[in-house]
Amino acid sequence: MRITELFDRGEFVITAEIGPPKGFHIDELLHEADEYLQDVTAINVTDCQSSVMRLGSLATCKALKDKGFNSIFQMTCRDRNRIALQSDLLSAAYFGIDNLLLLTGDHTVMGDTPQAKPVFDLDSVSLIHAVKQLENGVDLGGNELVGEPPKFAKGAVVSPCSDSVDVQLAKMERKVKAGAQYFQTQAVFESEKFITFMEKAKQFGVPVMLGVIIPKGAAMANFMNNNIAGISVPPEMIEELKADKEKAKAGITGVEITARIIKECREYCQGVHIMALGWESKVPDVLRQAGIVN
Amino acid sequence: MLITELKQKEDIMPLISAKTFVICCEGCKEVYFPADEAAEFSDELTKSATANGTVVTEYICNPEHLQLQLEKHMGKVDEAGTLLVFSCGVGVQTIAEMFADKKVFAACDTHPLPGHQGVTPLEYDCGQCGECHLGETGGICPITACSKSLVNGQCGGTKNGMCEVDKDMECGWERIYRRLEKQKRLDAMLHPVKVRDFTAGERAAKSMTTKD
């Protein structure tokens with residue numbers, strides 16, 4: 001089911017991110033989804049996240065779908081040219097996977113195979129445009145598709161806490177104009193910045209899902225501050241993670257922080273996207289403490 | 001070696017203001033330049049009073065040389081609402097940097113001619129993409145100033161204004177945005193979706209090399 005239908009009905013949409021393994025055995029991933037992600041609306045599968053070669057997003061989406069989960073197929077422009085991207089979109093349509101998250105993608109040098117050629121034939125905006133074209137029954141070369149065109153929920157990303165938030169808003173507007181129907185944000189640790197961002201973003205009239213990462217400790221927070229674009233963990237939050245090392249290690253502090261951010265931002269957004277980064281087991285606690293599920 | 005080719009007049013005319021100063025580079029030996037077509041177009045602009053002044057010179061990519069050439073025209077340049085530059089992408093970027101508060105438009109597309117790279121004397125780099133974007137990007141080249149050569153705006157990899165690929169490199173789209181903001185033309189950020197044509201650069205080269 002396309003998650004845009006849920007936004008249209010006014011539902012608060014919950015998605016969780018899952019990263020495929022470096023290998024093709026996904027029993028553990030499917031087990032984790034079964035065990036911990038029953039309450040989420042859809043599972044969002046990353047596309048060789050951080051430019052690290054892994055099992056594909058599409059195959060994992062299909063495996064999740066076979067298990068009865070609604071999945072979101074992430075597509076980046078890093079590794080495929082427009083022919084391959086459009087072909088994979090048709091493959092997704094064939095498998096009945098109709099939720100997309102369309103991104104430019106990290107550069108190849110960020111990952112575990114920096115020697116690879118960065119493709120970027122398209123970018124997030126032109127990829128959204130390509131999907132829209134396919135929905136109109138035409139590919140980017142202007143050639144007609146055979147049979148009924150596919151139909152997708154077209155998602156995109158934005159960084160509300162970026163130090164270049166005005167530049168991000170300009171890009172967001174371009175994505176909306178190109179056809180983006182919902183947004184998922186980079187991880188938010190500063191609720192106030194998110195709320196200010198939403199005051200500006202609401203003019204575009206598209207649903208926005210608050211992105212959250214469950215912080216695993218002060219070291220992770222510092223690492224993100226130094227290395228991850230668009231993320232800034234405030235010093236008092238790092239202190240909170242430092243205060244009781246055992247509590248932080250057990251994930252209790254991280255869950256508390258994440259639930260608090262969701263509570264603070266909930267009325268300003270249309271959904272939440274949880275990037276558990278291996279802590280999928282904490283997702284139910286986050287949702288309970290945030291008051292989203294009982 | 002580069003080949004420059006005039007953009008379509010229909011594409012240029014809506015961009016430039018009623019008072020436009022024209023800078024035309026006769027090029028260098030590394031560049032094949034459509035001098036006659038450029039002169040013809042430039043004359044038309046003068047006759048229709050769109051151009052308030054014209055300077056034809058060589059090596060506009062050399063800022064000191066250019067400054068000397070422009071000295072006696074500075075009154076006209078200051079008056080002009082836009083600058084139209086007939087040159088390769090390096091020349092356009094030199095002018096755009098020199099007049100960062102002015103709207104600078106590229107009148108030509110720059111194509112590569114394989115076999116000889118030519119000499120690019122400055123830090124400005126032209127990707128020879130054949131679809132010059134400089135007119136819409138404040139004279140900062142998104143092909144060479146962005147590590148991903150993105151043409152539709154900033155990606156999510158900017159931190160403190162720097163690029164995720166190289167922490168010593170400013171994000172090209174951050175620079176473009178700030179330049180356009182300074183010129184009060186952020187609407188340029190909202191141009192229709194661009195889908196690159198990767199045959200554009202090669203096409204002119206092919207037609208040149210098969211001419212004789």
# chains A, B, ... in the order shown; residues from 1 in each chain; ligands from 1
call {"tool": "residues_around", "arguments": {"residues": "region 140-143 of chain A", "least_positions_apart": "3", "cutoff": "9 Å", "atoms": "only C-alpha atoms", "output": "JSON, numbers by chain"}}
result
{"A": [82, 83, 86, 129, 130, 133, 134, 137], "B": [195]}
call {"tool": "select_by_dssp", "arguments": {"residues": "chain B", "states": "alpha helix (DSSP H)", "output": "PyMOL selection string"}}
result
chain B and resi 9-12+35-47+63-70+74-79+89-98+142-145+172-182+200-209
call {"tool": "closest_atom_pairs", "arguments": {"of": "chain B", "to": "chain A", "cutoff": "12 Å", "atoms": "only C-alpha atoms", "output": "CSV"}}
result
residue,atom,partner,partner_atom,distance
B:Ile143,CA,A:Phe120,CA,11.3
B:Cys146,CA,A:His107,CA,11.1
B:Ser147,CA,A:His107,CA,8.1
B:Lys148,CA,A:Phe120,CA,6.4
B:Ser149,CA,A:Phe120,CA,7.7
B:Leu150,CA,A:Asp123,CA,6.6
B:Val151,CA,A:Asp123,CA,8.0
B:Asn152,CA,A:Val125,CA,6.4
B:Gly153,CA,A:Lys171,CA,5.8
B:Gln154,CA,A:Lys171,CA,6.6
B:Cys155,CA,A:Thr104,CA,6.6
B:Gly156,CA,A:Ser159,CA,6.6
B:Gly157,CA,A:Ala229,CA,5.2
B:Thr158,CA,A:Ala229,CA,5.6
B:Lys159,CA,A:Ala229,CA,4.8
B:Asn160,CA,A:Asp163,CA,5.9
B:Gly161,CA,A:Ser164,CA,6.8
B:Met162,CA,A:Ala229,CA,9.4
B:Cys163,CA,A:Ala229,CA,9.0
B:Glu164,CA,A:Ala229,CA,7.3
B:Val165,CA,A:Val109,CA,6.8
B:Asp166,CA,A:Val109,CA,9.7
B:Lys167,CA,A:Asn227,CA,9.8
B:Cys171,CA,A:Ser164,CA,10.2
B:Gly172,CA,A:Val167,CA,11.4
B:Trp173,CA,A:Val167,CA,8.0
B:Glu174,CA,A:Val167,CA,6.9
B:Arg175,CA,A:Val167,CA,10.0
B:Ile176,CA,A:Val167,CA,9.6
B:Tyr177,CA,A:Val167,CA,6.6
B:Arg178,CA,A:Val167,CA,8.8
B:Arg179,CA,A:Val167,CA,11.8
B:Leu180,CA,A:Val167,CA,11.1
B:Glu181,CA,A:Val167,CA,10.2
B:Leu186,CA,A:Ala170,CA,8.6
B:Asp187,CA,A:Ala170,CA,9.2
B:Ala188,CA,A:Ala170,CA,10.2
B:Met189,CA,A:Ala170,CA,6.8
B:Leu190,CA,A:Arg174,CA,6.0
B:His191,CA,A:Arg174,CA,8.2
B:Pro192,CA,A:Arg174,CA,8.1
B:Val193,CA,A:Ser126,CA,6.1
B:Lys194,CA,A:Ser126,CA,6.6
B:Val195,CA,A:Ser126,CA,5.9
B:Arg196,CA,A:Asp121,CA,7.4
B:Asp197,CA,A:Asp121,CA,9.2
B:Phe198,CA,A:Asp121,CA,8.5
call {"tool": "residues_around", "arguments": {"residues": "Ile257 (chain A)", "least_positions_apart": "6", "cutoff": "8 Å", "atoms": "only C-alpha atoms", "output": "PDB file with N, CA, C and O atoms, in the first residue's frame"}}
result
ATOM      1  N   ILE A 214      18.313   6.616  17.484  1.00  0.00           N
ATOM      2  CA  ILE A 214      18.427   6.333  18.918  1.00  0.00           C
ATOM      3  C   ILE A 214      19.917   6.422  19.279  1.00  0.00           C
ATOM      4  O   ILE A 214      20.721   5.612  18.816  1.00  0.00           O
ATOM      5  N   PRO A 215      20.309   7.444  20.066  1.00  0.00           N
ATOM      6  CA  PRO A 215      21.743   7.592  20.347  1.00  0.00           C
ATOM      7  C   PRO A 215      22.257   6.484  21.282  1.00  0.00           C
ATOM      8  O   PRO A 215      21.659   6.208  22.308  1.00  0.00           O
ATOM      9  N   MET A 237      22.703  17.063  25.727  1.00  0.00           N
ATOM     10  CA  MET A 237      22.253  15.700  25.430  1.00  0.00           C
ATOM     11  C   MET A 237      23.429  14.722  25.553  1.00  0.00           C
ATOM     12  O   MET A 237      23.284  13.604  26.020  1.00  0.00           O
TER      13      MET A 237
END
call {"tool": "residues_around", "arguments": {"residues": "region 8-17 of chain A", "least_positions_apart": "3", "cutoff": "6 Å", "atoms": "only C-alpha atoms", "output": "PDB file with all heavy atoms, in the first residue's frame"}}
result
ATOM      1  N   GLU A   5      -1.452   7.283   0.861  1.00  0.00           N
ATOM      2  CA  GLU A   5      -2.883   7.108   1.173  1.00  0.00           C
ATOM      3  C   GLU A   5      -3.129   7.339   2.668  1.00  0.00           C
ATOM      4  O   GLU A   5      -4.158   7.866   3.073  1.00  0.00           O
ATOM      5  CB  GLU A   5      -3.347   5.696   0.791  1.00  0.00           C
ATOM      6  CG  GLU A   5      -3.367   5.452  -0.712  1.00  0.00           C
ATOM      7  CD  GLU A   5      -3.616   3.984  -1.068  1.00  0.00           C
ATOM      8  OE1 GLU A   5      -4.296   3.287  -0.284  1.00  0.00           O
ATOM      9  OE2 GLU A   5      -3.109   3.555  -2.117  1.00  0.00           O
ATOM     10  N   VAL A  40       5.178  -0.690  13.122  1.00  0.00           N
ATOM     11  CA  VAL A  40       5.462   0.380  12.161  1.00  0.00           C
ATOM     12  C   VAL A  40       4.614   0.192  10.904  1.00  0.00           C
ATOM     13  O   VAL A  40       4.224  -0.915  10.561  1.00  0.00           O
ATOM     14  CB  VAL A  40       6.969   0.487  11.803  1.00  0.00           C
ATOM     15  CG1 VAL A  40       7.834   0.579  13.048  1.00  0.00           C
ATOM     16  CG2 VAL A  40       7.421  -0.655  10.921  1.00  0.00           C
ATOM     17  N   THR A  41       4.345   1.311  10.250  1.00  0.00           N
ATOM     18  CA  THR A  41       3.505   1.282   9.041  1.00  0.00           C
ATOM     19  C   THR A  41       4.265   0.682   7.868  1.00  0.00           C
ATOM     20  O   THR A  41       3.695  -0.041   7.053  1.00  0.00           O
ATOM     21  CB  THR A  41       3.087   2.721   8.658  1.00  0.00           C
ATOM     22  OG1 THR A  41       2.835   3.460   9.855  1.00  0.00           O
ATOM     23  CG2 THR A  41       1.864   2.725   7.792  1.00  0.00           C
ATOM     24  N   ALA A  42       5.539   1.019   7.786  1.00  0.00           N
ATOM     25  CA  ALA A  42       6.341   0.514   6.668  1.00  0.00           C
ATOM     26  C   ALA A  42       7.805   0.451   7.081  1.00  0.00           C
ATOM     27  O   ALA A  42       8.259   1.233   7.916  1.00  0.00           O
ATOM     28  CB  ALA A  42       6.182   1.411   5.453  1.00  0.00           C
ATOM     29  N   ILE A  43       8.518  -0.493   6.468  1.00  0.00           N
ATOM     30  CA  ILE A  43       9.953  -0.623   6.728  1.00  0.00           C
ATOM     31  C   ILE A  43      10.707  -0.066   5.524  1.00  0.00           C
ATOM     32  O   ILE A  43      10.471  -0.456   4.386  1.00  0.00           O
ATOM     33  CB  ILE A  43      10.344  -2.089   6.989  1.00  0.00           C
ATOM     34  CG1 ILE A  43       9.611  -2.608   8.235  1.00  0.00           C
ATOM     35  CG2 ILE A  43      11.861  -2.218   7.151  1.00  0.00           C
ATOM     36  CD1 ILE A  43       9.814  -4.082   8.512  1.00  0.00           C
ATOM     37  N   ASN A  44      11.592   0.863   5.849  1.00  0.00           N
ATOM     38  CA  ASN A  44      12.333   1.594   4.835  1.00  0.00           C
ATOM     39  C   ASN A  44      13.701   0.932   4.685  1.00  0.00           C
ATOM     40  O   ASN A  44      14.465   0.858   5.639  1.00  0.00           O
ATOM     41  CB  ASN A  44      12.459   3.026   5.373  1.00  0.00           C
ATOM     42  CG  ASN A  44      12.937   3.998   4.357  1.00  0.00           C
ATOM     43  OD1 ASN A  44      13.840   3.704   3.592  1.00  0.00           O
ATOM     44  ND2 ASN A  44      12.336   5.169   4.360  1.00  0.00           N
ATOM     45  N   VAL A  45      14.023   0.440   3.489  1.00  0.00           N
ATOM     46  CA  VAL A  45      15.258  -0.336   3.308  1.00  0.00           C
ATOM     47  C   VAL A  45      16.312   0.500   2.588  1.00  0.00           C
ATOM     48  O   VAL A  45      16.086   0.990   1.479  1.00  0.00           O
ATOM     49  CB  VAL A  45      14.982  -1.634   2.517  1.00  0.00           C
ATOM     50  CG1 VAL A  45      16.245  -2.491   2.467  1.00  0.00           C
ATOM     51  CG2 VAL A  45      13.826  -2.414   3.132  1.00  0.00           C
ATOM     52  N   GLN A 270       3.923  14.952  10.327  1.00  0.00           N
ATOM     53  CA  GLN A 270       2.883  14.002   9.936  1.00  0.00           C
ATOM     54  C   GLN A 270       3.298  12.553  10.129  1.00  0.00           C
ATOM     55  O   GLN A 270       2.577  11.632   9.744  1.00  0.00           O
ATOM     56  CB  GLN A 270       2.500  14.249   8.468  1.00  0.00           C
ATOM     57  CG  GLN A 270       1.727  15.541   8.230  1.00  0.00           C
ATOM     58  CD  GLN A 270       2.550  16.805   8.417  1.00  0.00           C
ATOM     59  OE1 GLN A 270       3.701  16.877   7.988  1.00  0.00           O
ATOM     60  NE2 GLN A 270       1.997  17.797   9.085  1.00  0.00           N
ATOM     61  N   GLY A 271       4.474  12.358  10.685  1.00  0.00           N
ATOM     62  CA  GLY A 271       4.917  10.992  10.910  1.00  0.00           C
ATOM     63  C   GLY A 271       6.305  10.986  11.507  1.00  0.00           C
ATOM     64  O   GLY A 271       6.926  12.037  11.691  1.00  0.00           O
ATOM     65  N   VAL A 272       6.778   9.778  11.839  1.00  0.00           N
ATOM     66  CA  VAL A 272       8.128   9.662  12.380  1.00  0.00           C
ATOM     67  C   VAL A 272       8.847   8.507  11.691  1.00  0.00           C
ATOM     68  O   VAL A 272       8.241   7.492  11.358  1.00  0.00           O
ATOM     69  CB  VAL A 272       8.112   9.500  13.926  1.00  0.00           C
ATOM     70  CG1 VAL A 272       7.391   8.230  14.359  1.00  0.00           C
ATOM     71  CG2 VAL A 272       9.517   9.509  14.502  1.00  0.00           C
ATOM     72  N   HIS A 273      10.129   8.742  11.441  1.00  0.00           N
ATOM     73  CA  HIS A 273      10.951   7.717  10.802  1.00  0.00           C
ATOM     74  C   HIS A 273      12.103   7.392  11.748  1.00  0.00           C
ATOM     75  O   HIS A 273      12.906   8.267  12.080  1.00  0.00           O
ATOM     76  CB  HIS A 273      11.484   8.237   9.462  1.00  0.00           C
ATOM     77  CG  HIS A 273      12.496   7.317   8.857  1.00  0.00           C
ATOM     78  ND1 HIS A 273      12.168   6.067   8.409  1.00  0.00           N
ATOM     79  CD2 HIS A 273      13.831   7.454   8.659  1.00  0.00           C
ATOM     80  CE1 HIS A 273      13.261   5.474   7.946  1.00  0.00           C
ATOM     81  NE2 HIS A 273      14.267   6.294   8.088  1.00  0.00           N
ATOM     82  N   ILE A 274      12.157   6.141  12.200  1.00  0.00           N
ATOM     83  CA  ILE A 274      13.176   5.754  13.186  1.00  0.00           C
ATOM     84  C   ILE A 274      14.338   5.036  12.513  1.00  0.00           C
ATOM     85  O   ILE A 274      14.152   4.018  11.858  1.00  0.00           O
ATOM     86  CB  ILE A 274      12.569   4.851  14.285  1.00  0.00           C
ATOM     87  CG1 ILE A 274      11.366   5.551  14.925  1.00  0.00           C
ATOM     88  CG2 ILE A 274      13.621   4.482  15.330  1.00  0.00           C
ATOM     89  CD1 ILE A 274      10.564   4.659  15.848  1.00  0.00           C
ATOM     90  N   MET A 275      15.526   5.636  12.674  1.00  0.00           N
ATOM     91  CA  MET A 275      16.734   4.980  12.159  1.00  0.00           C
ATOM     92  C   MET A 275      17.406   4.317  13.355  1.00  0.00           C
ATOM     93  O   MET A 275      18.103   4.974  14.130  1.00  0.00           O
ATOM     94  CB  MET A 275      17.646   6.026  11.508  1.00  0.00           C
ATOM     95  CG  MET A 275      17.036   6.652  10.257  1.00  0.00           C
ATOM     96  SD  MET A 275      17.895   8.137   9.680  1.00  0.00           S
ATOM     97  CE  MET A 275      16.846   9.439  10.337  1.00  0.00           C
TER      98      MET A 275
END
call {"tool": "atom_distance", "arguments": {"atom1": "CA of Gly251 (chain A)", "atom2": "CA of Ser57 (chain A)"}}
result
27.3 Å
call {"tool": "select_by_dssp", "arguments": {"residues": "chain B", "states": "strand (DSSP E)", "output": "count of residues only"}}
result
38
call {"tool": "residues_around", "arguments": {"residues": "region 20-31 of chain A", "least_positions_apart": "4", "cutoff": "7 Å", "atoms": "only C-alpha atoms", "output": "PyMOL selection string"}}
result
chain A and resi 35+53-55+60+64
call {"tool": "closest_residue", "arguments": {"among": "A:Phe223, A:Gly147, A:Asp112, A:Asp39", "to": "Ile292 (chain A)", "atoms": "only C-alpha atoms"}}
result
A:Asp39
call {"tool": "residues_around", "arguments": {"residues": "Gln69 (chain B)", "least_positions_apart": "4", "cutoff": "12 Å", "atoms": "only C-alpha atoms", "output": "ChimeraX atom specification"}}
result
/B:23-25,54-60,62-65,73-74
call {"tool": "residues_around", "arguments": {"residues": "Ile252 (chain A)", "least_positions_apart": "6", "cutoff": "10 Å", "atoms": "only C-alpha atoms", "output": "PyMOL selection string"}}
result
chain A and resi 214-216+241+244+246+282+285-286
call {"tool": "atom_distance", "arguments": {"atom1": "CA of Lys65 (chain A)", "atom2": "CA of Glu280 (chain A)"}}
result
18.1 Å
call {"tool": "atom_distance", "arguments": {"atom1": "CA of Pro142 (chain B)", "atom2": "CA of Cys108 (chain B)"}}
result
16.1 Å
call {"tool": "closest_residue", "arguments": {"among": "B:Asp109, B:Asp168, B:Lys76, B:Gln93", "to": "Gly139 (chain B)", "atoms": "only C-alpha atoms"}}
result
B:Gln93
